[in-house]
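As provided, final_6.csv (CSV, C-alpha atoms) reads as follows.
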chain,number,residue,atom,x,y,z
A,12,MET,CA,7.9,0.2,-8.4
A,13,SER,CA,5.2,-0.4,-10.9
A,14,SER,CA,6.0,1.0,-14.4
A,15,GLU,CA,2.6,2.7,-14.4
A,16,SER,CA,2.3,4.3,-10.9
A,17,LEU,CA,3.4,4.2,-7.3
A,18,ARG,CA,0.9,2.1,-5.5
A,19,ILE,CA,0.3,2.9,-1.8
A,20,VAL,CA,-2.0,0.7,0.2
A,21,TRP,CA,-3.6,1.9,3.5
A,22,ILE,CA,-4.4,-1.3,5.3
A,23,TYR,CA,-7.8,-1.6,7.1
A,24,PRO,CA,-8.8,2.0,7.7
A,25,ASP,CA,-12.0,0.7,9.2
A,26,LEU,CA,-10.0,-0.9,12.0
A,27,LEU,CA,-6.6,0.8,12.2
A,28,SER,CA,-6.9,4.6,11.9
A,29,THR,CA,-6.3,6.8,14.9
A,30,TYR,CA,-4.6,10.1,15.6
A,31,GLY,CA,-4.6,11.2,12.0
A,32,ASP,CA,-2.6,8.2,10.6
A,33,ARG,CA,-4.5,8.6,7.3
A,34,GLY,CA,-2.3,11.6,6.9
A,35,ASN,CA,0.7,9.3,6.2
A,36,ALA,CA,-0.9,8.2,3.0
A,37,LEU,CA,-1.7,11.8,2.0
A,38,ILE,CA,1.8,12.9,2.7
A,39,LEU,CA,3.4,10.1,0.7
A,40,ALA,CA,1.1,10.7,-2.2
A,41,ARG,CA,1.6,14.4,-2.2
A,42,ARG,CA,5.4,14.3,-2.0
A,43,ALA,CA,5.5,11.7,-4.8
A,44,ARG,CA,3.2,13.8,-7.1
A,45,GLN,CA,5.1,16.9,-6.4
A,46,ARG,CA,8.0,15.1,-8.0
A,47,GLY,CA,6.0,14.1,-11.0
A,48,MET,CA,5.4,10.5,-10.0
A,49,PRO,CA,1.9,9.0,-10.8
A,50,VAL,CA,0.4,7.7,-7.6
A,51,GLU,CA,-2.5,5.3,-6.8
A,52,VAL,CA,-3.7,5.2,-3.2
A,53,LEU,CA,-5.8,2.2,-2.3
A,54,GLU,CA,-7.8,2.0,0.9
A,55,VAL,CA,-8.3,-1.7,1.7
A,56,ARG,CA,-10.9,-2.5,4.3
A,57,SER,CA,-10.8,-5.5,6.6
A,58,ASP,CA,-13.4,-7.4,4.6
A,59,GLN,CA,-11.4,-7.1,1.3
A,60,ARG,CA,-8.4,-9.0,0.0
A,61,LEU,CA,-5.1,-7.3,0.3
A,62,PRO,CA,-3.2,-6.8,-3.0
A,63,ALA,CA,0.2,-8.3,-2.9
A,64,THR,CA,1.7,-6.1,-5.7
A,65,ALA,CA,1.8,-2.6,-4.2
A,66,ASP,CA,4.9,-0.6,-3.5
A,67,ILE,CA,4.1,0.8,0.0
A,68,TYR,CA,1.8,-0.6,2.7
A,69,LEU,CA,0.7,1.6,5.7
A,70,VAL,CA,-0.6,0.1,8.9
A,71,GLY,CA,-2.0,2.7,11.4
A,72,GLY,CA,-2.9,2.8,15.1
A,73,GLY,CA,-6.0,1.3,16.7
A,74,GLU,CA,-7.6,0.1,19.9
A,75,ASP,CA,-7.0,-3.3,21.3
A,76,GLY,CA,-10.0,-5.1,19.7
A,77,PRO,CA,-9.5,-3.8,16.2
A,78,GLN,CA,-5.7,-4.4,16.5
A,79,ALA,CA,-6.3,-8.1,17.4
A,80,LEU,CA,-8.9,-8.5,14.6
A,81,GLY,CA,-6.6,-6.8,12.1
A,82,ALA,CA,-3.7,-9.2,12.9
A,83,GLN,CA,-6.0,-12.2,12.6
A,84,ARG,CA,-7.3,-11.1,9.2
A,85,LEU,CA,-3.8,-10.2,7.9
A,86,LEU,CA,-2.5,-13.6,8.9
A,87,ALA,CA,-5.4,-15.3,7.2
A,88,ASP,CA,-5.1,-13.1,4.1
A,89,GLY,CA,-1.3,-13.6,3.6
A,90,GLY,CA,-1.1,-10.7,1.1
A,91,LEU,CA,1.2,-8.6,3.2
A,92,HIS,CA,3.7,-11.5,3.7
A,93,ARG,CA,3.7,-12.0,-0.1
A,94,ALA,CA,4.3,-8.3,-0.6
A,95,VAL,CA,7.2,-8.3,1.8
A,96,ALA,CA,8.7,-11.3,0.1
A,97,GLN,CA,8.6,-9.4,-3.2
A,98,GLY,CA,10.4,-6.4,-1.7
A,99,SER,CA,7.5,-4.0,-0.8
A,100,VAL,CA,7.9,-1.2,1.8
A,101,VAL,CA,5.9,-1.5,5.0
A,102,PHE,CA,5.4,1.3,7.5
A,103,GLY,CA,3.6,0.6,10.8
A,104,VAL,CA,2.5,3.1,13.5
A,105,CYS,CA,1.6,2.3,17.1
A,106,ALA,CA,-0.8,-0.7,17.0
A,107,GLY,CA,0.3,-1.3,13.4
A,108,TYR,CA,3.9,-1.3,14.5
A,109,GLN,CA,3.2,-3.8,17.3
A,110,LEU,CA,1.3,-6.3,15.1
A,111,LEU,CA,4.3,-6.5,12.7
A,112,GLY,CA,6.1,-8.3,15.5
A,113,THR,CA,5.8,-11.8,16.9
A,114,SER,CA,3.3,-11.0,19.6
A,115,PHE,CA,1.4,-8.2,21.4
A,116,PHE,CA,-1.2,-7.9,24.1
A,117,ALA,CA,-4.8,-6.8,23.5
A,118,LYS,CA,-7.4,-6.7,26.3
A,119,GLY,CA,-5.0,-8.6,28.6
A,120,VAL,CA,-4.6,-11.5,26.1
A,121,GLN,CA,-1.4,-12.3,24.2
A,122,CYS,CA,-2.0,-12.2,20.5
A,123,ARG,CA,0.0,-13.6,17.6
A,124,GLY,CA,1.6,-11.0,15.4
A,125,LEU,CA,2.6,-11.1,11.8
A,126,GLU,CA,6.2,-12.1,12.6
A,127,LEU,CA,7.6,-9.7,10.0
A,128,LEU,CA,9.8,-8.0,12.6
A,129,ASP,CA,11.8,-9.5,15.4
A,130,LEU,CA,10.1,-7.8,18.3
A,131,GLN,CA,7.4,-8.5,20.8
A,132,SER,CA,5.2,-6.1,22.8
A,133,ASP,CA,3.6,-6.3,26.3
A,134,ARG,CA,2.0,-3.8,28.6
A,135,GLY,CA,3.8,-1.1,30.6
A,136,GLU,CA,3.1,0.0,34.1
A,137,SER,CA,1.8,3.3,32.9
A,138,ARG,CA,0.5,4.8,29.7
A,139,ALA,CA,2.9,6.7,27.5
A,140,VAL,CA,1.2,10.0,26.4
A,141,GLY,CA,2.9,13.1,25.0
A,142,GLU,CA,5.6,14.4,22.8
A,143,LEU,CA,8.1,11.8,21.4
A,144,ALA,CA,11.5,12.6,20.1
A,145,GLY,CA,14.7,10.8,19.3
A,146,GLU,CA,18.0,10.7,17.3
A,147,ILE,CA,17.4,8.4,14.3
A,148,ASP,CA,19.8,5.5,13.5
A,149,PRO,CA,22.6,7.3,11.6
A,150,ARG,CA,22.6,4.7,8.9
A,151,LEU,CA,19.3,6.0,7.7
A,152,GLY,CA,20.7,9.5,7.3
A,153,LEU,CA,17.6,11.3,8.7
A,154,PRO,CA,17.1,14.3,11.0
A,155,PRO,CA,15.8,13.8,14.5
A,156,LEU,CA,12.4,12.1,15.0
A,157,THR,CA,9.5,14.1,16.3
A,158,GLY,CA,6.0,12.9,17.0
A,159,PHE,CA,3.2,12.3,19.5
A,160,GLU,CA,2.7,9.0,21.4
A,161,ASN,CA,-0.3,7.5,23.1
A,162,HIS,CA,0.0,3.8,24.0
A,163,GLY,CA,0.1,1.4,26.9
A,164,GLY,CA,2.6,-1.0,25.3
A,165,ARG,CA,6.3,-1.6,25.7
A,166,THR,CA,8.1,-3.2,22.8
A,167,HIS,CA,11.2,-5.4,23.1
A,168,LEU,CA,13.5,-5.7,20.1
A,169,GLY,CA,15.3,-8.9,19.1
A,170,PRO,CA,18.7,-9.2,17.4
A,171,GLU,CA,17.3,-9.1,13.9
A,172,VAL,CA,16.0,-5.6,14.0
A,173,SER,CA,17.5,-2.2,14.8
A,174,PRO,CA,16.0,0.7,16.8
A,175,LEU,CA,14.7,3.4,14.6
A,176,ALA,CA,15.8,6.0,17.2
A,177,ARG,CA,17.4,6.6,20.6
A,178,ILE,CA,14.9,8.5,22.9
A,179,THR,CA,15.5,12.1,23.8
A,180,ALA,CA,11.9,12.7,25.0
A,181,GLY,CA,9.0,10.4,25.7
A,182,VAL,CA,8.9,6.6,26.1
A,183,GLY,CA,8.8,4.9,22.7
A,184,ASN,CA,9.6,1.3,23.0
A,185,ASP,CA,11.0,1.3,26.6
A,186,GLY,CA,12.2,4.8,27.5
A,187,ALA,CA,15.6,4.2,25.7
A,188,THR,CA,14.7,3.3,22.1
A,189,GLU,CA,11.9,4.1,19.7
A,190,GLY,CA,10.6,2.1,16.8
A,191,ALA,CA,12.4,-0.5,14.8
A,192,TRP,CA,13.5,-1.2,11.2
A,193,ARG,CA,14.8,-4.0,9.1
A,194,GLY,CA,15.3,-3.9,5.3
A,195,LYS,CA,12.3,-2.0,3.9
A,196,LEU,CA,10.1,-2.6,7.0
A,197,LEU,CA,9.9,0.2,9.6
A,198,GLY,CA,7.7,0.8,12.6
A,199,THR,CA,7.2,3.7,15.1
A,200,TYR,CA,5.0,4.8,18.0
A,201,SER,CA,5.0,8.3,16.4
A,202,HIS,CA,1.7,9.8,15.5
A,203,GLY,CA,1.3,13.4,14.4
A,204,PRO,CA,0.9,12.1,11.6
A,205,ALA,CA,4.5,10.7,11.6
A,206,LEU,CA,5.2,11.6,8.0
A,207,ALA,CA,3.8,15.1,8.3
A,208,ARG,CA,6.2,15.8,11.1
A,209,ASN,CA,9.0,13.9,9.5
A,210,PRO,CA,9.0,14.6,5.7
A,211,ALA,CA,12.6,13.1,5.4
A,212,LEU,CA,11.2,9.9,6.7
A,213,ALA,CA,8.5,10.0,4.1
A,214,ASP,CA,11.1,10.5,1.4
A,215,LEU,CA,13.1,7.5,2.8
A,216,LEU,CA,10.0,5.3,2.2
A,217,LEU,CA,9.7,6.7,-1.3
A,218,ARG,CA,13.3,6.1,-2.0
A,219,TRP,CA,13.0,2.5,-0.8
A,220,ALA,CA,9.9,2.0,-2.9
A,221,THR,CA,11.4,3.5,-6.1
A,222,GLY,CA,15.0,2.4,-5.7
A,223,ALA,CA,16.1,6.0,-6.1
A,224,HIS,CA,19.3,7.1,-4.2
A,225,GLN,CA,18.1,10.7,-4.1
A,226,LEU,CA,14.8,12.6,-4.8
A,227,PRO,CA,14.5,16.1,-6.1
A,228,PRO,CA,14.2,18.5,-3.1
A,229,LEU,CA,10.9,20.1,-2.1
A,230,ASP,CA,9.9,23.2,-0.3
A,231,ASP,CA,9.5,22.1,3.3
A,232,THR,CA,9.1,25.5,4.9
A,233,TRP,CA,5.8,24.6,6.6
A,234,SER,CA,7.0,21.1,7.7
A,235,ASP,CA,10.1,22.7,9.1
A,236,ARG,CA,8.1,25.2,11.0
A,237,LEU,CA,6.0,22.5,12.6
A,238,ARG,CA,9.1,20.4,13.5
A,239,ASN,CA,10.8,23.4,15.0
A,240,GLU,CA,7.7,24.4,17.0
A,241,ARG,CA,7.3,20.9,18.5
A,242,ARG,CA,11.0,20.5,19.2
A,243,SER,CA,11.1,23.9,20.9
A,244,ALA,CA,8.1,22.8,23.0
A,245,VAL,CA,9.8,19.6,24.1
A,246,ALA,CA,13.0,21.6,24.9
A,247,ALA,CA,11.0,24.1,27.0
A,248,ALA,CA,9.2,21.3,28.9
A,249,ARG,CA,12.5,19.7,29.8
A,250,ALA,CA,14.2,23.0,30.9

Give the structure from the file, written as structure tokens.
Amino acid sequence: MSSESLRIVWIYPDLLSTYGDRGNALILARRARQRGMPVEVLEVRSDQRLPATADIYLVGGGEDGPQALGAQRLLADGGLHRAVAQGSVVFGVCAGYQLLGTSFFAKGVQCRGLELLDLQSDRGESRAVGELAGEIDPRLGLPPLTGFENHGGRTHLGPEVSPLARITAGVGNDGATEGAWRGKLLGTYSHGPALARNPALADLLLRWATGAHQLPPLDDTWSDRLRNERRSAVAAARA
């Protein structure tokens, strides 16, 4: 982490910003500031160079065309690869998650991904839409995942990544697992926004970025209400 402030970069909001994914940047910044951390949030458009010295990079969801264009520009820019090599945190959602892998499909064409995670995505027989829930990898020490998914992709994990969660509701990667992580890189199909529904996940990213083993607790009454409401709705739908 920078000695001056925590730097959060929201990558290409002009291309990759669906289903309230900007909220992930807002949640991270708020939870950091509530703990007294100075924070700088940078919104880097697709016609701008990506800084390679930030602490956390966020890649949101998007439609096929913007997703393919975003991947091309990130490959040409190289800034995200330099940041990862320096130990920065990367959080990708939906299309942003897919493009962190080796390949994905957009408008029926296979596109090259950033090859930062050992996974590849193709198209499913049906679209996955609705509540998404799962039990998160116990090594991460987080409560169950909750979110909303809307995607046509199916993602297949290689041996160098671990699933973020095991599915209890929804589709996620393939109906069995959801998301993936390796080191300080993490991806998910969960919108909602993901970090509003899962504040402990936001704190995990902050801990990775700052090197802290623990963070001072916050009042998560309203986040807990939202989580409990959505988890109860999922349970009722399955009953």

So which one's closest to Leu17 of chain A, A:His167, A:His202, A:Arg123, A:Arg218? Using all atoms listed in the file, please.
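Checking each of A:His167, A:His202, A:Arg123, A:Arg218 against Leu17 of chain A, counting all atoms listed in the file, the winner is A:Arg218.
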
Any idea what's packed within 7 Å of Gly90 of chain A, counting all atoms listed in the file, ignoring anything in its chain fewer than 2 positions away? Could you give it as a PDB file with C-alpha atoms, in the coordinates of the input?
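What ended up in part36.pdb:
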ATOM      1  CA  LEU A  61      -5.100  -7.300   0.300  1.00  0.00           C
ATOM      2  CA  PRO A  62      -3.200  -6.800  -3.000  1.00  0.00           C
ATOM      3  CA  ALA A  63       0.200  -8.300  -2.900  1.00  0.00           C
ATOM      4  CA  ASP A  88      -5.100 -13.100   4.100  1.00  0.00           C
ATOM      5  CA  HIS A  92       3.700 -11.500   3.700  1.00  0.00           C
ATOM      6  CA  ARG A  93       3.700 -12.000  -0.100  1.00  0.00           C
ATOM      7  CA  ALA A  94       4.300  -8.300  -0.600  1.00  0.00           C
TER       8      ALA A  94
END

Could you state the separation of atom CA of Gly145 of chain A and atom CA of Arg177 of chain A in Å, given to one decimal place?
5.2 Å

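Omitting Phe116 of chain A and its sequence neighbours fewer than 4 positions away, and counting only C-alpha atoms, the residues within 12 Å are Glu74, Asp75, Gly76, Gln78, Ala79, Ala82, Ala106, Gln109, Leu110, Gly112, Val120, Gln121, Cys122, Arg123, Gly124, Gln131, Ser132, Asp133, Arg134, Gly135, His162, Gly163, Gly164, Arg165 and Thr166 of chain A.
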
Take the residues that were just selected and, keeping C-alpha atoms, output them as a CSV table (one decimal), in the coordinates of the input.
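New file result.csv:
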chain,number,residue,atom,x,y,z
A,74,GLU,CA,-7.6,0.1,19.9
A,75,ASP,CA,-7.0,-3.3,21.3
A,76,GLY,CA,-10.0,-5.1,19.7
A,78,GLN,CA,-5.7,-4.4,16.5
A,79,ALA,CA,-6.3,-8.1,17.4
A,82,ALA,CA,-3.7,-9.2,12.9
A,106,ALA,CA,-0.8,-0.7,17.0
A,109,GLN,CA,3.2,-3.8,17.3
A,110,LEU,CA,1.3,-6.3,15.1
A,112,GLY,CA,6.1,-8.3,15.5
A,120,VAL,CA,-4.6,-11.5,26.1
A,121,GLN,CA,-1.4,-12.3,24.2
A,122,CYS,CA,-2.0,-12.2,20.5
A,123,ARG,CA,0.0,-13.6,17.6
A,124,GLY,CA,1.6,-11.0,15.4
A,131,GLN,CA,7.4,-8.5,20.8
A,132,SER,CA,5.2,-6.1,22.8
A,133,ASP,CA,3.6,-6.3,26.3
A,134,ARG,CA,2.0,-3.8,28.6
A,135,GLY,CA,3.8,-1.1,30.6
A,162,HIS,CA,0.0,3.8,24.0
A,163,GLY,CA,0.1,1.4,26.9
A,164,GLY,CA,2.6,-1.0,25.3
A,165,ARG,CA,6.3,-1.6,25.7
A,166,THR,CA,8.1,-3.2,22.8

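Taking atom CA of Ala40 of chain A as the reference point, atom CA of Asp235 of chain A is found at 18.8 Å.
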
Excluding Met48 of chain A and any residue of its chain fewer than 6 positions from it, enumerate the residues within 12 Å of it, using all atoms listed in the file, and give them as a PyMOL selection string.
chain A and resi 12-18+39-42+217+220-221+226-227

Report as a list in words all protein, DNA and RNA residues lying within 7 Å of Glu126 of chain A, evaluated on all atoms listed in the file, omitting residues in the same chain fewer than 3 positions from it.
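Selected residues are Leu111, Gly112, Thr113 and Asp129 of chain A.
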
Hey, can you check how far atom CA of Thr64 of chain A sits from atom CA of Gly169 of chain A?
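Answer for the atom CA of Thr64 of chain A to atom CA of Gly169 of chain A separation: 28.4 Å.
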
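Proximity ranking of A:Asp231, A:Leu69, A:Gly152, A:Ala36 relative to Cys105 of chain A places A:Leu69 first, based on all atoms listed in the file.
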
Find the spatial neighbours of segment 101-104 of chain A, counting all atoms listed in the file, within a cut-off of 9 Å - ignore same-chain residues fewer than 5 positions away - and output them as a PDB file with C-alpha atoms, keeping the file's coordinate frame.
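Saved to selection_35.pdb:
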ATOM      1  CA  ASP A  32      -2.600   8.200  10.600  1.00  0.00           C
ATOM      2  CA  ASP A  66       4.900  -0.600  -3.500  1.00  0.00           C
ATOM      3  CA  ILE A  67       4.100   0.800   0.000  1.00  0.00           C
ATOM      4  CA  TYR A  68       1.800  -0.600   2.700  1.00  0.00           C
ATOM      5  CA  LEU A  69       0.700   1.600   5.700  1.00  0.00           C
ATOM      6  CA  VAL A  70      -0.600   0.100   8.900  1.00  0.00           C
ATOM      7  CA  GLY A  71      -2.000   2.700  11.400  1.00  0.00           C
ATOM      8  CA  GLY A  72      -2.900   2.800  15.100  1.00  0.00           C
ATOM      9  CA  LEU A  91       1.200  -8.600   3.200  1.00  0.00           C
ATOM     10  CA  ALA A  94       4.300  -8.300  -0.600  1.00  0.00           C
ATOM     11  CA  VAL A  95       7.200  -8.300   1.800  1.00  0.00           C
ATOM     12  CA  GLN A 109       3.200  -3.800  17.300  1.00  0.00           C
ATOM     13  CA  LEU A 110       1.300  -6.300  15.100  1.00  0.00           C
ATOM     14  CA  LEU A 111       4.300  -6.500  12.700  1.00  0.00           C
ATOM     15  CA  GLY A 190      10.600   2.100  16.800  1.00  0.00           C
ATOM     16  CA  LYS A 195      12.300  -2.000   3.900  1.00  0.00           C
ATOM     17  CA  LEU A 196      10.100  -2.600   7.000  1.00  0.00           C
ATOM     18  CA  LEU A 197       9.900   0.200   9.600  1.00  0.00           C
ATOM     19  CA  GLY A 198       7.700   0.800  12.600  1.00  0.00           C
ATOM     20  CA  THR A 199       7.200   3.700  15.100  1.00  0.00           C
ATOM     21  CA  TYR A 200       5.000   4.800  18.000  1.00  0.00           C
ATOM     22  CA  SER A 201       5.000   8.300  16.400  1.00  0.00           C
ATOM     23  CA  HIS A 202       1.700   9.800  15.500  1.00  0.00           C
ATOM     24  CA  ALA A 205       4.500  10.700  11.600  1.00  0.00           C
ATOM     25  CA  LEU A 216      10.000   5.300   2.200  1.00  0.00           C
TER      26      LEU A 216
END

Which residue of A:Asp230, A:Glu54, A:Glu136, A:Asp148 approaches Thr188 of chain A most closely, using all atoms listed in the file
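Distance minimum relative to Thr188 of chain A lands on A:Asp148.
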
Distance query 10 Å from (-10.8, -5.9, 7.2) using only C-alpha atoms, result as a count of residues only:
21

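In this comparison, which uses all atoms listed in the file, the residue of A:His224, A:Lys118, A:Arg46, A:Arg193 approaching Val100 of chain A most closely is A:Arg193.
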